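**Student:** Structure file data_1.csv (CSV, C-alpha atoms) is given on the next line.
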chain,number,residue,atom,x,y,z
S,53,MET,CA,-28.6,-25.6,-8.1
S,54,THR,CA,-27.2,-23.5,-10.9
S,55,THR,CA,-23.6,-22.5,-11.5
S,56,ALA,CA,-22.7,-19.1,-13.0
S,57,ALA,CA,-20.9,-19.4,-16.3
S,58,PRO,CA,-17.3,-18.1,-16.2
S,59,LEU,CA,-16.9,-14.6,-17.6
S,60,THR,CA,-15.5,-14.3,-21.1
S,61,VAL,CA,-12.4,-12.3,-21.9
S,62,GLY,CA,-14.6,-9.8,-23.6
S,63,ALA,CA,-16.8,-9.3,-20.5
S,64,LEU,CA,-13.7,-9.0,-18.3
S,65,LEU,CA,-12.2,-6.4,-20.6
S,66,ARG,CA,-15.4,-4.4,-20.8
S,67,THR,CA,-15.6,-4.4,-17.0
S,68,TRP,CA,-12.1,-3.1,-16.6
S,69,ARG,CA,-12.6,-0.5,-19.3
S,70,GLU,CA,-15.7,0.8,-17.6
S,71,ARG,CA,-13.9,0.9,-14.3
S,72,ARG,CA,-11.3,3.1,-15.8
S,73,GLY,CA,-13.9,5.4,-17.3
S,74,LEU,CA,-12.7,4.9,-20.9
S,75,SER,CA,-14.8,4.6,-24.1
S,76,GLN,CA,-14.0,1.9,-26.7
S,77,LEU,CA,-12.6,4.7,-28.9
S,78,GLU,CA,-10.3,6.0,-26.2
S,79,LEU,CA,-9.0,2.5,-25.4
S,80,ALA,CA,-8.5,1.7,-29.1
S,81,GLY,CA,-6.4,4.9,-29.5
S,82,ARG,CA,-4.2,4.1,-26.6
S,83,ALA,CA,-3.7,0.4,-27.7
S,84,ASP,CA,-3.1,1.2,-31.4
S,85,SER,CA,-6.3,-0.6,-32.4
S,86,SER,CA,-9.8,0.3,-33.6
S,87,SER,CA,-13.0,0.9,-31.7
S,88,ARG,CA,-14.6,-1.7,-34.1
S,89,HIS,CA,-12.0,-4.4,-33.0
S,90,ILE,CA,-12.5,-3.5,-29.3
S,91,SER,CA,-16.2,-3.8,-29.7
S,92,PHE,CA,-15.8,-7.2,-31.5
S,93,VAL,CA,-13.6,-8.5,-28.6
S,94,GLU,CA,-16.0,-7.3,-25.9
S,95,THR,CA,-19.0,-8.9,-27.6
S,96,GLY,CA,-17.2,-12.2,-28.3
S,97,ARG,CA,-17.2,-11.8,-32.1
S,98,SER,CA,-13.4,-11.7,-32.2
S,99,ARG,CA,-10.8,-13.6,-30.1
S,100,PRO,CA,-7.9,-11.3,-29.2
S,101,SER,CA,-4.4,-12.5,-29.6
S,102,GLU,CA,-2.3,-13.0,-26.5
S,103,GLU,CA,-0.3,-9.9,-27.4
S,104,MET,CA,-3.5,-7.9,-27.7
S,105,VAL,CA,-4.8,-9.1,-24.3
S,106,LEU,CA,-1.5,-8.0,-22.6
S,107,ARG,CA,-1.5,-4.7,-24.5
S,108,LEU,CA,-5.0,-3.9,-23.4
S,109,ALA,CA,-4.3,-5.0,-19.8
S,110,ASP,CA,-1.3,-2.7,-19.8
S,111,HIS,CA,-3.3,0.4,-21.0
S,112,LEU,CA,-6.1,-0.5,-18.5
S,113,GLU,CA,-3.6,-0.7,-15.7
S,114,ILE,CA,-4.9,-4.2,-14.7
S,115,PRO,CA,-3.1,-5.7,-11.8
S,116,VAL,CA,-0.8,-8.6,-12.6
S,117,ARG,CA,-2.9,-11.1,-10.6
S,118,ASP,CA,-5.9,-10.3,-12.8
S,119,ARG,CA,-4.0,-10.4,-16.1
S,120,ASN,CA,-3.6,-14.1,-15.6
S,121,ALA,CA,-7.4,-14.4,-15.3
S,122,LEU,CA,-7.7,-12.4,-18.6
S,123,LEU,CA,-5.3,-14.7,-20.4
S,124,MET,CA,-7.0,-17.9,-19.2
S,125,ALA,CA,-10.4,-16.5,-20.2
S,126,ALA,CA,-9.0,-15.9,-23.7
S,127,GLY,CA,-7.7,-19.5,-23.9
S,128,TYR,CA,-4.1,-18.8,-23.1
S,129,ALA,CA,-1.8,-20.0,-20.4
S,130,PRO,CA,-1.1,-17.7,-17.4
S,131,ARG,CA,1.9,-15.4,-18.0
S,132,TYR,CA,2.8,-14.5,-14.4
S,133,ALA,CA,3.9,-16.9,-11.7
S,134,HIS,CA,2.7,-16.6,-8.1
S,135,THR,CA,5.7,-17.7,-6.1
S,136,PRO,CA,5.5,-17.7,-2.2
S,137,LEU,CA,8.0,-15.3,-0.8
S,138,GLY,CA,9.5,-18.1,1.3
S,139,ASP,CA,10.3,-20.2,-1.8
S,140,PRO,CA,14.0,-20.9,-2.4
S,141,SER,CA,13.8,-19.1,-5.8
S,142,MET,CA,13.0,-15.9,-3.9
S,143,GLU,CA,16.1,-16.0,-1.8
S,144,VAL,CA,17.9,-13.2,-3.7
S,145,LEU,CA,14.8,-11.0,-3.4
S,146,ARG,CA,14.5,-11.6,0.3
S,147,GLU,CA,18.2,-10.9,0.9
S,148,GLY,CA,17.9,-7.7,-1.2
S,149,LEU,CA,14.9,-6.4,0.8
S,150,GLU,CA,16.7,-7.2,4.1
S,151,ARG,CA,19.8,-5.3,3.1
S,152,LEU,CA,17.7,-2.4,2.0
S,153,LEU,CA,15.8,-2.2,5.3
S,154,THR,CA,18.9,-2.6,7.4
S,155,GLY,CA,20.8,0.0,5.4
S,156,TYR,CA,18.0,2.5,6.0
S,157,GLU,CA,18.4,2.2,9.8
S,158,PRO,CA,18.0,4.0,12.2
S,159,TYR,CA,15.1,5.4,10.2
S,160,PRO,CA,11.9,3.2,10.0
S,161,ALA,CA,11.2,1.1,6.9
S,162,LEU,CA,9.0,-1.9,6.2
S,163,VAL,CA,7.7,-4.1,3.4
S,164,VAL,CA,4.0,-5.0,3.0
S,165,ASP,CA,1.9,-7.1,0.6
S,166,ALA,CA,-1.3,-6.2,-1.2
S,167,ALA,CA,-3.3,-6.6,2.1
S,168,TYR,CA,-0.9,-4.5,4.1
S,169,ASP,CA,0.4,-7.6,6.0
S,170,VAL,CA,4.0,-6.9,7.1
S,171,VAL,CA,6.5,-9.0,5.2
S,172,ALA,CA,9.7,-7.5,6.7
S,173,ALA,CA,10.5,-4.5,9.0
S,174,ASN,CA,13.7,-3.0,10.4
S,175,ARG,CA,14.6,-1.9,13.9
S,176,GLY,CA,13.2,1.6,13.3
S,177,ILE,CA,9.7,0.1,12.9
S,178,LEU,CA,10.2,-2.1,15.9
S,179,MET,CA,11.1,0.9,18.0
S,180,LEU,CA,7.8,2.6,17.1
S,181,MET,CA,5.9,-0.6,18.0
S,182,GLU,CA,7.4,-0.8,21.5
S,183,GLY,CA,4.7,-1.3,24.1
S,184,LEU,CA,1.9,-2.4,21.8
S,185,PRO,CA,-0.4,-5.2,23.2
S,186,GLU,CA,0.3,-8.8,22.4
S,187,HIS,CA,-3.0,-9.3,20.6
S,188,LEU,CA,-2.0,-6.7,18.0
S,189,LEU,CA,1.5,-8.3,17.5
S,190,ALA,CA,0.2,-11.8,16.9
S,191,GLY,CA,1.0,-12.7,13.3
S,192,PRO,CA,0.4,-11.8,10.6
S,193,LEU,CA,1.2,-8.2,11.5
S,194,ASN,CA,-1.0,-5.8,9.5
S,195,ALA,CA,0.3,-2.3,9.1
S,196,MET,CA,-3.1,-0.7,8.9
S,197,ARG,CA,-4.4,-2.4,12.0
S,198,LEU,CA,-1.2,-1.6,13.9
S,199,THR,CA,-1.5,2.1,12.9
S,200,LEU,CA,-5.2,2.8,13.3
S,201,HIS,CA,-6.3,0.5,16.1
S,202,PRO,CA,-7.2,2.4,19.2
S,203,GLU,CA,-4.8,0.2,21.2
S,204,GLY,CA,-2.1,0.4,18.6
S,205,LEU,CA,-0.1,3.4,17.3
S,206,ALA,CA,-3.2,5.6,17.0
S,207,PRO,CA,-3.1,7.1,20.5
S,208,ARG,CA,0.6,8.1,19.9
S,209,ILE,CA,-0.1,9.9,16.6
S,210,ARG,CA,-0.4,13.6,17.2
S,211,ASN,CA,-2.1,14.4,13.9
S,212,LEU,CA,-4.2,11.2,13.8
S,213,ARG,CA,-7.2,12.7,12.0
S,214,GLU,CA,-5.1,13.9,9.1
S,215,TRP,CA,-3.0,10.7,9.0
S,216,ARG,CA,-6.0,8.4,9.3
S,217,GLY,CA,-7.7,10.3,6.4
S,218,HIS,CA,-4.6,10.0,4.3
S,219,LEU,CA,-4.4,6.2,4.9
S,220,LEU,CA,-8.1,5.6,4.2
S,221,ALA,CA,-7.9,7.6,1.0
S,222,GLN,CA,-4.9,5.6,-0.1
S,223,MET,CA,-6.8,2.3,0.5
S,224,GLU,CA,-9.8,3.7,-1.4
S,225,ARG,CA,-7.6,4.4,-4.4
S,226,GLN,CA,-6.2,0.9,-4.3
S,227,ILE,CA,-9.7,-0.7,-4.0
S,228,ALA,CA,-10.8,1.3,-7.0
S,229,LEU,CA,-7.8,0.0,-9.0
S,230,ALA,CA,-7.8,-3.6,-8.0
S,231,ARG,CA,-11.3,-4.3,-6.6
S,232,SER,CA,-9.8,-6.6,-4.0
S,233,ALA,CA,-12.4,-8.2,-1.6
S,234,PRO,CA,-9.8,-8.7,1.2
S,235,LEU,CA,-8.6,-5.1,0.9
S,236,ARG,CA,-12.2,-3.9,1.0
S,237,ALA,CA,-12.8,-6.0,4.2
S,238,LEU,CA,-9.7,-4.5,5.8
S,239,TYR,CA,-10.8,-1.0,4.8
S,240,GLU,CA,-14.2,-1.5,6.4
S,241,GLU,CA,-12.6,-2.9,9.6
S,242,VAL,CA,-10.1,-0.1,10.2
S,243,ALA,CA,-12.5,2.7,9.1
S,244,ALA,CA,-14.8,1.6,11.8
S,245,TYR,CA,-12.2,1.9,14.6
S,246,PRO,CA,-13.2,4.6,17.1
S,247,LEU,CA,-10.8,7.5,17.5
S,248,PRO,CA,-8.9,7.3,20.8
S,249,SER,CA,-10.3,9.6,23.5
S,250,GLU,CA,-8.5,12.8,24.4
S,251,ALA,CA,-7.7,11.3,27.8
S,252,ASP,CA,-5.6,8.6,26.0
S,253,ARG,CA,-3.9,11.2,23.8
S,254,PRO,CA,-1.6,13.4,25.8
S,255,GLY,CA,-0.9,16.5,23.7
S,256,GLY,CA,-4.0,15.8,21.5
S,257,ASP,CA,-4.1,17.6,18.2
S,258,ARG,CA,-2.3,20.7,19.4
S,259,PRO,CA,0.1,22.3,16.9
S,260,TYR,CA,3.5,20.7,16.6
S,261,GLU,CA,5.3,23.7,18.0
S,262,ASP,CA,3.3,23.5,21.2
S,263,TRP,CA,3.7,19.8,22.0
S,264,PRO,CA,6.0,19.3,25.0
S,265,SER,CA,9.2,17.3,24.4
S,266,GLN,CA,12.2,16.4,26.5
S,267,ASP,CA,14.3,18.5,24.1
S,268,GLY,CA,12.1,21.6,24.8
S,269,PRO,CA,9.7,23.3,22.4
S,270,ALA,CA,9.9,21.9,18.8
S,271,GLU,CA,11.0,24.2,16.0
S,272,ALA,CA,8.4,25.1,13.4
S,273,VAL,CA,9.0,23.4,10.1
S,274,ALA,CA,7.5,24.0,6.7
S,275,TYR,CA,6.6,20.5,5.3
S,276,LEU,CA,6.5,19.6,1.7
S,277,ALA,CA,4.3,16.6,2.3
S,278,LEU,CA,1.8,15.5,5.1
S,279,PRO,CA,4.0,14.4,8.0
S,280,LEU,CA,3.3,11.5,10.4
S,281,ARG,CA,3.8,13.0,13.9
S,282,ILE,CA,4.2,10.3,16.4
S,283,GLU,CA,5.3,10.2,20.0
S,284,HIS,CA,8.1,7.9,21.3
S,285,ASP,CA,9.3,8.0,24.9
S,286,GLY,CA,8.4,11.6,25.4
S,287,HIS,CA,9.8,12.8,22.1
S,288,LEU,CA,7.7,14.0,19.2
S,289,LEU,CA,9.0,12.5,15.9
S,290,SER,CA,8.0,13.7,12.5
S,291,PHE,CA,8.3,11.6,9.2
S,292,VAL,CA,7.2,11.9,5.6
S,293,SER,CA,6.4,8.6,3.9
S,294,SER,CA,7.7,7.3,0.6
S,295,ILE,CA,6.3,4.1,-1.0
S,296,SER,CA,8.2,2.1,-3.7
S,297,THR,CA,7.2,-0.8,-5.9
S,298,PHE,CA,8.9,-3.0,-8.4
S,299,ASN,CA,9.0,-2.0,-12.1
S,300,THR,CA,7.6,-4.4,-14.7
S,301,PRO,CA,7.2,-7.4,-12.2
S,302,MET,CA,6.8,-10.8,-13.7
S,303,ASP,CA,5.5,-12.5,-10.6
S,304,VAL,CA,2.2,-11.8,-8.7
S,305,THR,CA,4.0,-11.8,-5.3
S,306,VAL,CA,6.6,-9.3,-6.4
S,307,ALA,CA,4.0,-7.1,-8.1
S,308,GLU,CA,2.1,-6.8,-4.8
S,309,LEU,CA,5.0,-5.9,-2.6
S,310,ALA,CA,5.5,-2.3,-1.5
S,311,ILE,CA,8.4,-0.8,0.4
S,312,GLU,CA,7.5,2.1,2.7
S,313,THR,CA,10.3,4.3,4.1
S,314,LEU,CA,9.8,6.9,6.7
S,315,LEU,CA,12.1,9.9,6.1
S,316,PRO,CA,12.8,12.2,9.1
S,317,ALA,CA,11.0,15.5,8.4
S,318,ASP,CA,13.0,17.7,10.8
S,319,PRO,CA,16.4,18.0,12.5
S,320,ALA,CA,15.1,17.0,15.9
S,321,THR,CA,13.9,13.6,14.6
S,322,VAL,CA,17.2,13.0,12.9
S,323,LYS,CA,19.1,13.8,16.1
S,324,TYR,CA,16.9,11.6,18.3
S,325,LEU,CA,17.0,8.5,16.0
S,326,ARG,CA,20.8,8.8,15.6
S,327,SER,CA,21.1,8.9,19.4
S,328,LEU,CA,19.4,5.6,19.6
S,329,ALA,CA,21.5,3.9,16.9
S,330,PRO,CA,24.0,1.3,18.2
Will you turn the file into structure tokens for me?
**Tutor:**
Amino acid sequence: MTTAAPLTVGALLRTWRERRGLSQLELAGRADSSSRHISFVETGRSRPSEEMVLRLADHLEIPVRDRNALLMAAGYAPRYAHTPLGDPSMEVLREGLERLLTGYEPYPALVVDAAYDVVAANRGILMLMEGLPEHLLAGPLNAMRLTLHPEGLAPRIRNLREWRGHLLAQMERQIALARSAPLRALYEEVAAYPLPSEADRPGGDRPYEDWPSQDGPAEAVAYLALPLRIEHDGHLLSFVSSISTFNTPMDVTVAELAIETLLPADPATVKYLRSLAP
């Protein structure tokens, strides 16, 4: 039995550079170095300083988790902690996220990790999840599974083909950036879900203006971003999504958190959600 030798810092940097489609000269220009020095680092003829490793990682947009691997391959200690979100030292962060989500109500908002597992959610999200089967609600909740599973939210989404395409493209971009095996496995799982049959989708993919609602015909709206059009209790709701992350994170857990807020995209959605608020 043979064991593969660990990759050197030079080999890792070369792999990330090639993923980003950069030449040694282009990377050297961005990192205020020389193509000769980049070549020496990649071939192992020169050992980069800790500062150089971090500078190259920054210009190559290497995820925080993988920057630790680079540093250790170069013989340095990891720079970024990986603290569980439930750790007492994360209490201030947890409380801040909870206040943010609660303050956004009655509109939906949630926090997910790098694998789209739901870390926290507000009552707006719970409202959209009403009536989902127990096997989908068993932890850990996964936002992609809940949204695209044929027994999840998918039958309620009126523009499912468009929204599904948007979500899969978003995951593809993240996989290209991070090359995460768990994210790739999740992508392959949800991409294989069958689309709900038309019999399970009252209203189907008919235009928004033609979909029946308890409030009468919906008013045509010019959207500035692709909306999520989802049914709830006979009402057609429309949202645009915004995703926020933390600037300059110094912890792997924090770096991989994303806050998604669903902003009402038309007056009817605002009116309906406000009518449900306590």
**Student:** Could you check how far CA of Met104 in chain S sits from CA of Arg225 in chain S, in Å to one decimal?
**Tutor:**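 Pair CA of Met104 in chain S / CA of Arg225 in chain S returns 26.7 Å.
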**Student:** For Met223 in chain S, work out the shell of residues within 9 Å, counting all atoms listed in the file and skipping chain neighbours fewer than 6 positions away, then give it as a ChimeraX atom specification.
**Tutor:** /S:235-236,239
**Student:** Pick out the closest residue to Asn174 in chain S from this set: S:Ala233, S:Ala310, S:Leu162, S:Ala63. Count all atoms listed in the file.
**Tutor:**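 Going through S:Ala233, S:Ala310, S:Leu162, S:Ala63 one by one, the smallest distance to Asn174 in chain S is for S:Leu162.
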**Student:** When you draw a straight line from CA of Arg72 in chain S to CA of Leu112 in chain S, how long is it in Å?
**Tutor:** 6.9 Å
**Student:** Could you state the separation of CA of Leu122 in chain S and CA of Val61 in chain S in Å, given to one decimal place?
**Tutor:** 5.7 Å
**Student:** My list of candidates is S:Leu238, S:Ala80, S:Ala195, S:Ala129. Which is closest to Ala173 in chain S when distances are computed with only C-alpha atoms?
**Tutor:**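 Closest to Ala173 in chain S of all the choices is S:Ala195.
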**Student:** Using all atoms listed in the file, which of the listed residues (S:Arg131, S:Arg213, S:Lys323, S:Arg281) sits closest to Met302 in chain S?
**Tutor:**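 Closest to Met302 in chain S, using all atoms listed in the file: S:Arg131.
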**Student:** When distances are computed from only C-alpha atoms, which of S:Tyr132, S:Phe92, S:Trp68, S:Tyr159 shows the smallest separation from Leu314 in chain S?
**Tutor:** S:Tyr159
**Student:** Considering only C-alpha atoms, can you say which of S:Asp318, S:Asp118, S:Glu78, S:Glu283 comes closest to Ile209 in chain S?
**Tutor:**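 Using only C-alpha atoms, the shortest distance to Ile209 in chain S belongs to S:Glu283.
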**Student:** Using only C-alpha atoms, can you tell me which of S:Leu193, S:Leu188, S:Ala172, S:Ala307 comes closest to Glu147 in chain S?
**Tutor:**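 Checking each of S:Leu193, S:Leu188, S:Ala172, S:Ala307 against Glu147 in chain S, counting only C-alpha atoms, the winner is S:Ala172.
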**Student:** Env of Phe298 in chain S: 12 Å cut, atoms = only C-alpha atoms, seq-sep filter 5 positions within chain, self excluded. Answer as a tab-separated table (two decimals) with C-alpha atoms, in the frame of the given file.
**Tutor:**
chain	number	residue	atom	x	y	z
S	116	VAL	CA	-0.80	-8.60	-12.60
S	145	LEU	CA	14.80	-11.00	-3.40
S	149	LEU	CA	14.90	-6.40	0.80
S	163	VAL	CA	7.70	-4.10	3.40
S	303	ASP	CA	5.50	-12.50	-10.60
S	304	VAL	CA	2.20	-11.80	-8.70
S	305	THR	CA	4.00	-11.80	-5.30
S	306	VAL	CA	6.60	-9.30	-6.40
S	307	ALA	CA	4.00	-7.10	-8.10
S	308	GLU	CA	2.10	-6.80	-4.80
S	309	LEU	CA	5.00	-5.90	-2.60
S	310	ALA	CA	5.50	-2.30	-1.50
S	311	ILE	CA	8.40	-0.80	0.40
**Student:** Would you be able to write out as a ChimeraX atom specification which residues have an atom within 12 Å of (-3.3, 3.7, 18.0) in the file's coordinates, counting all atoms listed in the file?
**Tutor:** /S:180-181,183-185,188,195-213,215-216,242,245-249,252-253,282-283
**Student:** Show which residues sit within 10 Å of Thr321 in chain S, as a ChimeraX atom specification. Count all atoms listed in the file, and ignore same-chain residues fewer than 3 positions away.
**Tutor:** /S:159,287-291,315-318,324-327
**Student:** Can you tell me, as a list in words, what residues are no more than 12 Å from Leu59 in chain S when counting all atoms listed in the file, ignoring any on the same chain fewer than 4 positions away?
**Tutor:**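 In the requested format, the answer is Ala63, Leu64, Leu65, Arg66, Thr67, Glu94, Thr95, Gly96, Ala121, Leu122, Leu123, Met124, Ala125 and Ala126 of chain S.
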**Student:** Save range 75-172 of chain S from what I just supplied, as a CSV table (one decimal), in the first residue's frame, atoms limited to C-alpha atoms.
**Tutor:**
chain,number,residue,atom,x,y,z
S,75,SER,CA,-0.7,33.2,-16.0
S,76,GLN,CA,2.3,33.5,-13.7
S,77,LEU,CA,2.9,37.0,-15.1
S,78,GLU,CA,-0.7,38.1,-14.5
S,79,LEU,CA,-0.6,36.8,-10.9
S,80,ALA,CA,2.8,38.4,-10.3
S,81,GLY,CA,1.5,41.8,-11.5
S,82,ARG,CA,-1.5,41.6,-9.1
S,83,ALA,CA,0.6,40.5,-6.2
S,84,ASP,CA,3.4,43.0,-6.7
S,85,SER,CA,5.9,40.3,-7.4
S,86,SER,CA,7.7,38.9,-10.5
S,87,SER,CA,6.8,36.0,-12.7
S,88,ARG,CA,10.3,34.5,-11.9
S,89,HIS,CA,9.5,34.5,-8.2
S,90,ILE,CA,6.1,32.9,-8.8
S,91,SER,CA,7.7,30.3,-10.9
S,92,PHE,CA,10.3,29.5,-8.2
S,93,VAL,CA,7.6,29.2,-5.6
S,94,GLU,CA,5.5,26.9,-7.7
S,95,THR,CA,8.4,24.6,-8.6
S,96,GLY,CA,9.7,24.5,-5.0
S,97,ARG,CA,12.9,26.4,-5.7
S,98,SER,CA,11.8,29.2,-3.4
S,99,ARG,CA,9.9,29.1,-0.1
S,100,PRO,CA,7.4,32.0,0.1
S,101,SER,CA,7.1,34.1,3.2
S,102,GLU,CA,3.9,33.9,5.2
S,103,GLU,CA,3.0,37.4,4.0
S,104,MET,CA,3.5,36.3,0.4
S,105,VAL,CA,1.3,33.2,0.8
S,106,LEU,CA,-1.5,35.3,2.2
S,107,ARG,CA,-1.1,37.9,-0.5
S,108,LEU,CA,-1.3,35.3,-3.3
S,109,ALA,CA,-4.2,33.7,-1.6
S,110,ASP,CA,-6.0,37.0,-1.5
S,111,HIS,CA,-5.4,37.7,-5.2
S,112,LEU,CA,-6.4,34.2,-6.1
S,113,GLU,CA,-9.6,34.5,-4.1
S,114,ILE,CA,-8.9,31.3,-2.2
S,115,PRO,CA,-11.5,30.5,0.5
S,116,VAL,CA,-10.4,31.0,4.1
S,117,ARG,CA,-10.6,27.3,4.8
S,118,ASP,CA,-8.1,26.5,2.1
S,119,ARG,CA,-5.8,29.4,3.1
S,120,ASN,CA,-5.0,27.4,6.3
S,121,ALA,CA,-4.0,24.4,4.1
S,122,LEU,CA,-1.7,26.7,2.1
S,123,LEU,CA,0.0,28.1,5.2
S,124,MET,CA,0.6,24.6,6.6
S,125,ALA,CA,2.0,23.4,3.3
S,126,ALA,CA,4.5,26.3,3.4
S,127,GLY,CA,5.5,25.4,7.0
S,128,TYR,CA,3.5,28.0,8.8
S,129,ALA,CA,0.8,27.8,11.5
S,130,PRO,CA,-2.9,28.1,10.4
S,131,ARG,CA,-4.0,31.8,10.5
S,132,TYR,CA,-7.8,31.2,10.7
S,133,ALA,CA,-9.7,29.5,13.5
S,134,HIS,CA,-12.6,27.2,12.8
S,135,THR,CA,-14.9,27.8,15.8
S,136,PRO,CA,-18.3,25.9,16.0
S,137,LEU,CA,-21.2,28.4,15.9
S,138,GLY,CA,-22.5,27.0,19.2
S,139,ASP,CA,-19.2,27.8,21.0
S,140,PRO,CA,-19.6,30.4,23.8
S,141,SER,CA,-17.2,32.7,22.0
S,142,MET,CA,-19.7,33.0,19.2
S,143,GLU,CA,-22.5,34.3,21.4
S,144,VAL,CA,-22.3,37.9,20.2
S,145,LEU,CA,-22.4,36.7,16.6
S,146,ARG,CA,-25.4,34.4,17.2
S,147,GLU,CA,-27.3,37.2,19.0
S,148,GLY,CA,-26.5,39.7,16.2
S,149,LEU,CA,-27.8,37.3,13.6
S,150,GLU,CA,-31.0,36.6,15.6
S,151,ARG,CA,-31.7,40.3,16.0
S,152,LEU,CA,-31.1,40.9,12.2
S,153,LEU,CA,-33.5,38.1,11.3
S,154,THR,CA,-36.1,39.2,13.8
S,155,GLY,CA,-35.8,42.8,12.7
S,156,TYR,CA,-36.5,41.8,9.1
S,157,GLU,CA,-39.9,40.2,9.9
S,158,PRO,CA,-42.5,39.9,8.5
S,159,TYR,CA,-40.3,39.4,5.4
S,160,PRO,CA,-38.4,36.1,5.1
S,161,ALA,CA,-34.7,35.8,6.0
S,162,LEU,CA,-32.3,33.0,6.8
S,163,VAL,CA,-28.7,32.2,7.5
S,164,VAL,CA,-27.0,29.2,5.7
S,165,ASP,CA,-23.5,27.7,5.9
S,166,ALA,CA,-21.2,26.7,3.0
S,167,ALA,CA,-23.3,23.5,2.3
S,168,TYR,CA,-26.6,25.5,2.4
S,169,ASP,CA,-27.6,24.0,5.8
S,170,VAL,CA,-29.9,26.4,7.6
S,171,VAL,CA,-28.2,27.9,10.6
S,172,ALA,CA,-31.1,30.3,11.6
